[in-house]
2 protein chains.
Amino acid sequence: MTKAPGRYFEDYEVGQKFGSGTVTVTAEKIKAFAREFDPQPFHLDEEAARDTFFHGLAASGWHTAAMTMRLFVDSEIKPDGGMIGAGGSDLTWPRPVRPGDVLHLESEVTELRPSRTRPEIGIMKMRLTTYNQANDPVQIASPTLIVPRRPH
Amino acid sequence: MTKAPGRYFEDYEVGQKFGSGTVTVTAEKIKAFAREFDPQPFHLDEEAARDTFFHGLAASGWHTAAMTMRLFVDSEIKPDGGMIGAGGSDLTWPRPVRPGDVLHLESEVTELRPSRTRPEIGIMKMRLTTYNQANDPVQIASPTLIVPRRPH
């Protein structure tokens, strides 16, 4: 059995949009991620978070980035060979992610260009906006992906 | 008991550098992160990873970003009120992170400016380079932090 191929560079176009499923954020998940990767009071404990910049428990921005990646991987974008990130510029977090938030992702192709040095790949830039259940953006990212060109 | 205050905006200077401890990457940690946040063959299974872009098991870039945050939080930079990220631009991964890698971080202050709109905070840009045990960079990031000004 061989896996069906994903999309090639030639299958994308600028302006193309992809939706996603959802992920529900819980206090326990926020704290578990923070204990391992970002152990600061505003990510670890409701009480300790109250008098901080965040005025209450909030997810680490890197947790939001990781949850966004999961929504992105599970979405319909599916480049052949997988999601290979060359980088992610302009990552911002316009508002905190809170316990109980339900996140979803909207991704849009913003730029497509063949690689100058490697004829077998193309470069695809995207804009990824992660929203909460109120449709307020909680993360904006502009990753660059490496996408294979369709074999001749 | 009150916690000793951290550093204020006035305590940093452009060019100032901070080191870090280390984190050891294992195959099990790579796979556990990937199962939750980035379930793609090259992050999940040695055998399946062999014929991919990465030619073997590699950590998700978002796992590397999260491990970097842990090194950063545990380092001596310690702004008062915690590490508040306004964003992270130009995140790139020059080479894969592999099982057995031992990572450390070097961070440098690249820009300091008072906020134009909020007199109680300053904006600090940094360059964070995450290295493996061979001192080859595995991630470069340029986050912007919000740092409190020293109270009068």
# chains A, B, ... in the order shown; residues from 1 in each chain; ligands from 1

$ calpha_fit_and_write --fixed "chain B" --moving "chain A" --output "mmCIF file with C-alpha atoms, in the first residue's frame"
data_model
loop_
_atom_site.group_PDB
_atom_site.id
_atom_site.type_symbol
_atom_site.label_atom_id
_atom_site.label_comp_id
_atom_site.auth_asym_id
_atom_site.auth_seq_id
_atom_site.Cartn_x
_atom_site.Cartn_y
_atom_site.Cartn_z
ATOM 1 C CA MET A 1 7.722 36.842 51.915
ATOM 2 C CA THR A 2 8.021 38.823 48.719
ATOM 3 C CA LYS A 3 9.994 37.716 45.723
ATOM 4 C CA ALA A 4 13.100 39.714 44.843
ATOM 5 C CA PRO A 5 12.353 41.986 41.869
ATOM 6 C CA GLY A 6 13.813 41.096 38.489
ATOM 7 C CA ARG A 7 15.584 43.450 36.108
ATOM 8 C CA TYR A 8 14.018 46.608 34.755
ATOM 9 C CA PHE A 9 14.342 48.207 31.314
ATOM 10 C CA GLU A 10 17.092 50.459 32.712
ATOM 11 C CA ASP A 11 19.162 47.407 33.723
ATOM 12 C CA TYR A 12 19.666 46.176 30.157
ATOM 13 C CA GLU A 13 21.956 47.494 27.451
ATOM 14 C CA VAL A 14 22.344 46.780 23.764
ATOM 15 C CA GLY A 15 25.002 44.139 23.200
ATOM 16 C CA GLN A 16 24.434 42.498 26.593
ATOM 17 C CA LYS A 17 24.580 38.693 26.365
ATOM 18 C CA PHE A 18 23.125 35.869 28.418
ATOM 19 C CA GLY A 19 24.016 32.164 28.365
ATOM 20 C CA SER A 20 21.835 29.273 29.500
ATOM 21 C CA GLY A 21 21.799 25.787 30.902
ATOM 22 C CA THR A 22 21.309 22.812 28.593
ATOM 23 C CA VAL A 23 18.503 20.504 27.572
ATOM 24 C CA THR A 24 19.034 16.991 26.267
ATOM 25 C CA VAL A 25 16.740 15.921 23.443
ATOM 26 C CA THR A 26 15.536 12.307 23.365
ATOM 27 C CA ALA A 27 13.659 10.312 20.738
ATOM 28 C CA GLU A 28 10.853 9.798 23.258
ATOM 29 C CA LYS A 29 10.473 13.547 23.882
ATOM 30 C CA ILE A 30 10.539 14.286 20.138
ATOM 31 C CA LYS A 31 7.760 11.736 19.538
ATOM 32 C CA ALA A 32 5.645 12.799 22.540
ATOM 33 C CA PHE A 33 5.628 16.440 21.429
ATOM 34 C CA ALA A 34 4.872 15.407 17.847
ATOM 35 C CA ARG A 35 1.978 13.137 18.826
ATOM 36 C CA GLU A 36 0.275 16.096 20.488
ATOM 37 C CA PHE A 37 1.246 19.013 18.255
ATOM 38 C CA ASP A 38 2.928 17.989 14.986
ATOM 39 C CA PRO A 39 2.031 14.401 14.041
ATOM 40 C CA GLN A 40 4.093 13.985 10.894
ATOM 41 C CA PRO A 41 6.151 10.853 10.023
ATOM 42 C CA PHE A 42 9.557 12.574 10.307
ATOM 43 C CA HIS A 43 8.763 13.578 13.913
ATOM 44 C CA LEU A 44 7.044 10.336 14.986
ATOM 45 C CA ASP A 45 8.983 7.299 13.852
ATOM 46 C CA GLU A 46 12.619 6.561 12.944
ATOM 47 C CA GLU A 47 11.714 4.131 10.170
ATOM 48 C CA ALA A 48 9.089 6.351 8.555
ATOM 49 C CA ALA A 49 11.431 9.358 8.849
ATOM 50 C CA ARG A 50 14.189 7.748 6.786
ATOM 51 C CA ASP A 51 12.810 8.536 3.326
ATOM 52 C CA THR A 52 11.651 12.073 4.113
ATOM 53 C CA PHE A 53 13.163 15.538 3.755
ATOM 54 C CA PHE A 54 14.834 15.057 7.154
ATOM 55 C CA HIS A 55 16.452 11.642 6.422
ATOM 56 C CA GLY A 56 15.760 10.487 9.967
ATOM 57 C CA LEU A 57 13.855 11.429 13.114
ATOM 58 C CA ALA A 58 13.938 15.188 13.799
ATOM 59 C CA ALA A 59 12.233 17.401 16.379
ATOM 60 C CA SER A 60 9.335 19.612 15.320
ATOM 61 C CA GLY A 61 10.520 23.192 14.929
ATOM 62 C CA TRP A 62 7.835 24.155 17.457
ATOM 63 C CA HIS A 63 9.348 21.686 19.894
ATOM 64 C CA THR A 64 12.723 23.382 19.408
ATOM 65 C CA ALA A 65 11.009 26.755 19.949
ATOM 66 C CA ALA A 66 9.413 25.468 23.174
ATOM 67 C CA MET A 67 12.703 23.996 24.464
ATOM 68 C CA THR A 68 14.367 27.313 23.646
ATOM 69 C CA MET A 69 11.745 29.140 25.707
ATOM 70 C CA ARG A 70 12.554 26.891 28.670
ATOM 71 C CA LEU A 71 16.286 27.666 28.358
ATOM 72 C CA PHE A 72 15.408 31.380 28.098
ATOM 73 C CA VAL A 73 13.092 31.391 31.149
ATOM 74 C CA ASP A 74 15.725 29.580 33.221
ATOM 75 C CA SER A 75 18.545 31.895 32.111
ATOM 76 C CA GLU A 76 19.817 34.955 33.965
ATOM 77 C CA ILE A 77 17.880 37.491 31.890
ATOM 78 C CA LYS A 78 14.950 37.629 34.397
ATOM 79 C CA PRO A 79 12.948 40.777 33.634
ATOM 80 C CA ASP A 80 10.733 41.950 36.488
ATOM 81 C CA GLY A 81 7.205 40.593 36.093
ATOM 82 C CA GLY A 82 8.344 37.743 33.845
ATOM 83 C CA MET A 83 9.091 37.132 30.221
ATOM 84 C CA ILE A 84 6.311 38.817 28.232
ATOM 85 C CA GLY A 85 6.666 38.266 24.501
ATOM 86 C CA ALA A 86 5.117 40.786 22.139
ATOM 87 C CA GLY A 87 6.103 38.590 19.209
ATOM 88 C CA GLY A 88 8.917 36.632 17.672
ATOM 89 C CA SER A 89 10.041 37.530 14.200
ATOM 90 C CA ASP A 90 12.408 35.780 11.827
ATOM 91 C CA LEU A 91 12.164 32.364 13.439
ATOM 92 C CA THR A 92 14.328 29.977 11.390
ATOM 93 C CA TRP A 93 15.632 26.460 11.832
ATOM 94 C CA PRO A 94 18.982 26.163 10.010
ATOM 95 C CA ARG A 95 19.379 22.428 10.735
ATOM 96 C CA PRO A 96 17.391 19.578 12.296
ATOM 97 C CA VAL A 97 17.388 18.755 16.009
ATOM 98 C CA ARG A 98 18.113 15.030 16.470
ATOM 99 C CA PRO A 99 17.731 12.514 19.303
ATOM 100 C CA GLY A 100 20.749 12.858 21.616
ATOM 101 C CA ASP A 101 21.332 16.525 20.824
ATOM 102 C CA VAL A 102 22.201 18.733 23.800
ATOM 103 C CA LEU A 103 20.934 22.263 23.243
ATOM 104 C CA HIS A 104 21.955 25.549 24.782
ATOM 105 C CA LEU A 105 20.976 29.147 24.149
ATOM 106 C CA GLU A 106 22.830 32.400 23.638
ATOM 107 C CA SER A 107 20.705 35.535 23.812
ATOM 108 C CA GLU A 108 21.758 39.102 23.059
ATOM 109 C CA VAL A 109 19.983 42.436 23.497
ATOM 110 C CA THR A 110 19.785 44.079 20.055
ATOM 111 C CA GLU A 111 17.485 47.059 20.611
ATOM 112 C CA LEU A 112 15.999 48.992 23.528
ATOM 113 C CA ARG A 113 13.389 51.704 23.284
ATOM 114 C CA PRO A 114 10.857 53.194 25.689
ATOM 115 C CA SER A 115 7.231 52.655 24.709
ATOM 116 C CA ARG A 116 5.779 55.726 23.004
ATOM 117 C CA THR A 117 2.335 55.161 24.454
ATOM 118 C CA ARG A 118 2.945 53.485 27.830
ATOM 119 C CA PRO A 119 5.476 55.239 30.104
ATOM 120 C CA GLU A 120 5.689 52.259 32.469
ATOM 121 C CA ILE A 121 7.173 49.840 29.918
ATOM 122 C CA GLY A 122 10.021 49.513 27.459
ATOM 123 C CA ILE A 123 10.473 47.402 24.349
ATOM 124 C CA MET A 124 13.493 45.092 24.173
ATOM 125 C CA LYS A 125 14.463 43.210 21.048
ATOM 126 C CA MET A 126 16.769 40.236 21.332
ATOM 127 C CA ARG A 127 18.491 37.737 19.126
ATOM 128 C CA LEU A 128 18.220 34.179 20.433
ATOM 129 C CA THR A 129 20.445 31.527 18.911
ATOM 130 C CA THR A 130 19.900 27.935 19.987
ATOM 131 C CA TYR A 131 22.936 25.686 19.457
ATOM 132 C CA ASN A 132 23.490 21.934 19.517
ATOM 133 C CA GLN A 133 26.469 20.223 21.156
ATOM 134 C CA ALA A 134 28.607 20.858 18.053
ATOM 135 C CA ASN A 135 27.880 24.592 18.432
ATOM 136 C CA ASP A 136 25.909 24.588 15.200
ATOM 137 C CA PRO A 137 22.803 26.806 15.332
ATOM 138 C CA VAL A 138 19.504 24.904 15.209
ATOM 139 C CA GLN A 139 17.186 27.880 15.713
ATOM 140 C CA ILE A 140 17.502 31.635 15.346
ATOM 141 C CA ALA A 141 14.755 33.894 16.675
ATOM 142 C CA SER A 142 14.370 37.639 17.162
ATOM 143 C CA PRO A 143 11.699 38.111 19.812
ATOM 144 C CA THR A 144 10.377 41.402 21.087
ATOM 145 C CA LEU A 145 9.852 41.575 24.848
ATOM 146 C CA ILE A 146 7.862 43.983 27.010
ATOM 147 C CA VAL A 147 9.961 44.985 30.024
ATOM 148 C CA PRO A 148 8.802 47.213 32.917
ATOM 149 C CA ARG A 149 10.614 50.492 33.569
ATOM 150 C CA ARG A 150 12.095 51.084 37.004
ATOM 151 C CA PRO A 151 9.449 52.654 39.254
ATOM 152 C CA HIS A 152 10.290 56.202 40.439
#

$ select_by_dssp --residues "chain B" --states "alpha helix (DSSP H)" --output "MDAnalysis selection string"
chainID B and resid 27:37 41:44 46:49 61:73

$ write_last_selection --atoms "C-alpha atoms" --output "PDB file, in the first residue's frame"
ATOM      1  CA  ALA B  27      13.658  10.314  20.737  1.00  0.00           C
ATOM      2  CA  GLU B  28      10.853   9.805  23.247  1.00  0.00           C
ATOM      3  CA  LYS B  29      10.470  13.556  23.878  1.00  0.00           C
ATOM      4  CA  ILE B  30      10.525  14.273  20.138  1.00  0.00           C
ATOM      5  CA  LYS B  31       7.756  11.742  19.541  1.00  0.00           C
ATOM      6  CA  ALA B  32       5.646  12.791  22.540  1.00  0.00           C
ATOM      7  CA  PHE B  33       5.635  16.435  21.425  1.00  0.00           C
ATOM      8  CA  ALA B  34       4.862  15.401  17.846  1.00  0.00           C
ATOM      9  CA  ARG B  35       1.980  13.130  18.837  1.00  0.00           C
ATOM     10  CA  GLU B  36       0.274  16.085  20.497  1.00  0.00           C
ATOM     11  CA  PHE B  37       1.242  19.012  18.262  1.00  0.00           C
ATOM     12  CA  PRO B  41       6.150  10.851  10.026  1.00  0.00           C
ATOM     13  CA  PHE B  42       9.555  12.576  10.325  1.00  0.00           C
ATOM     14  CA  HIS B  43       8.747  13.591  13.926  1.00  0.00           C
ATOM     15  CA  LEU B  44       7.041  10.334  14.991  1.00  0.00           C
ATOM     16  CA  GLU B  46      12.630   6.559  12.946  1.00  0.00           C
ATOM     17  CA  GLU B  47      11.742   4.125  10.167  1.00  0.00           C
ATOM     18  CA  ALA B  48       9.099   6.337   8.539  1.00  0.00           C
ATOM     19  CA  ALA B  49      11.437   9.341   8.839  1.00  0.00           C
ATOM     20  CA  GLY B  61      10.515  23.196  14.919  1.00  0.00           C
ATOM     21  CA  TRP B  62       7.837  24.153  17.452  1.00  0.00           C
ATOM     22  CA  HIS B  63       9.348  21.689  19.904  1.00  0.00           C
ATOM     23  CA  THR B  64      12.715  23.385  19.422  1.00  0.00           C
ATOM     24  CA  ALA B  65      11.005  26.745  19.946  1.00  0.00           C
ATOM     25  CA  ALA B  66       9.404  25.466  23.162  1.00  0.00           C
ATOM     26  CA  MET B  67      12.699  23.996  24.462  1.00  0.00           C
ATOM     27  CA  THR B  68      14.359  27.314  23.647  1.00  0.00           C
ATOM     28  CA  MET B  69      11.732  29.147  25.702  1.00  0.00           C
ATOM     29  CA  ARG B  70      12.554  26.900  28.662  1.00  0.00           C
ATOM     30  CA  LEU B  71      16.272  27.679  28.360  1.00  0.00           C
ATOM     31  CA  PHE B  72      15.403  31.382  28.093  1.00  0.00           C
ATOM     32  CA  VAL B  73      13.076  31.395  31.140  1.00  0.00           C
TER      33      VAL B  73
END
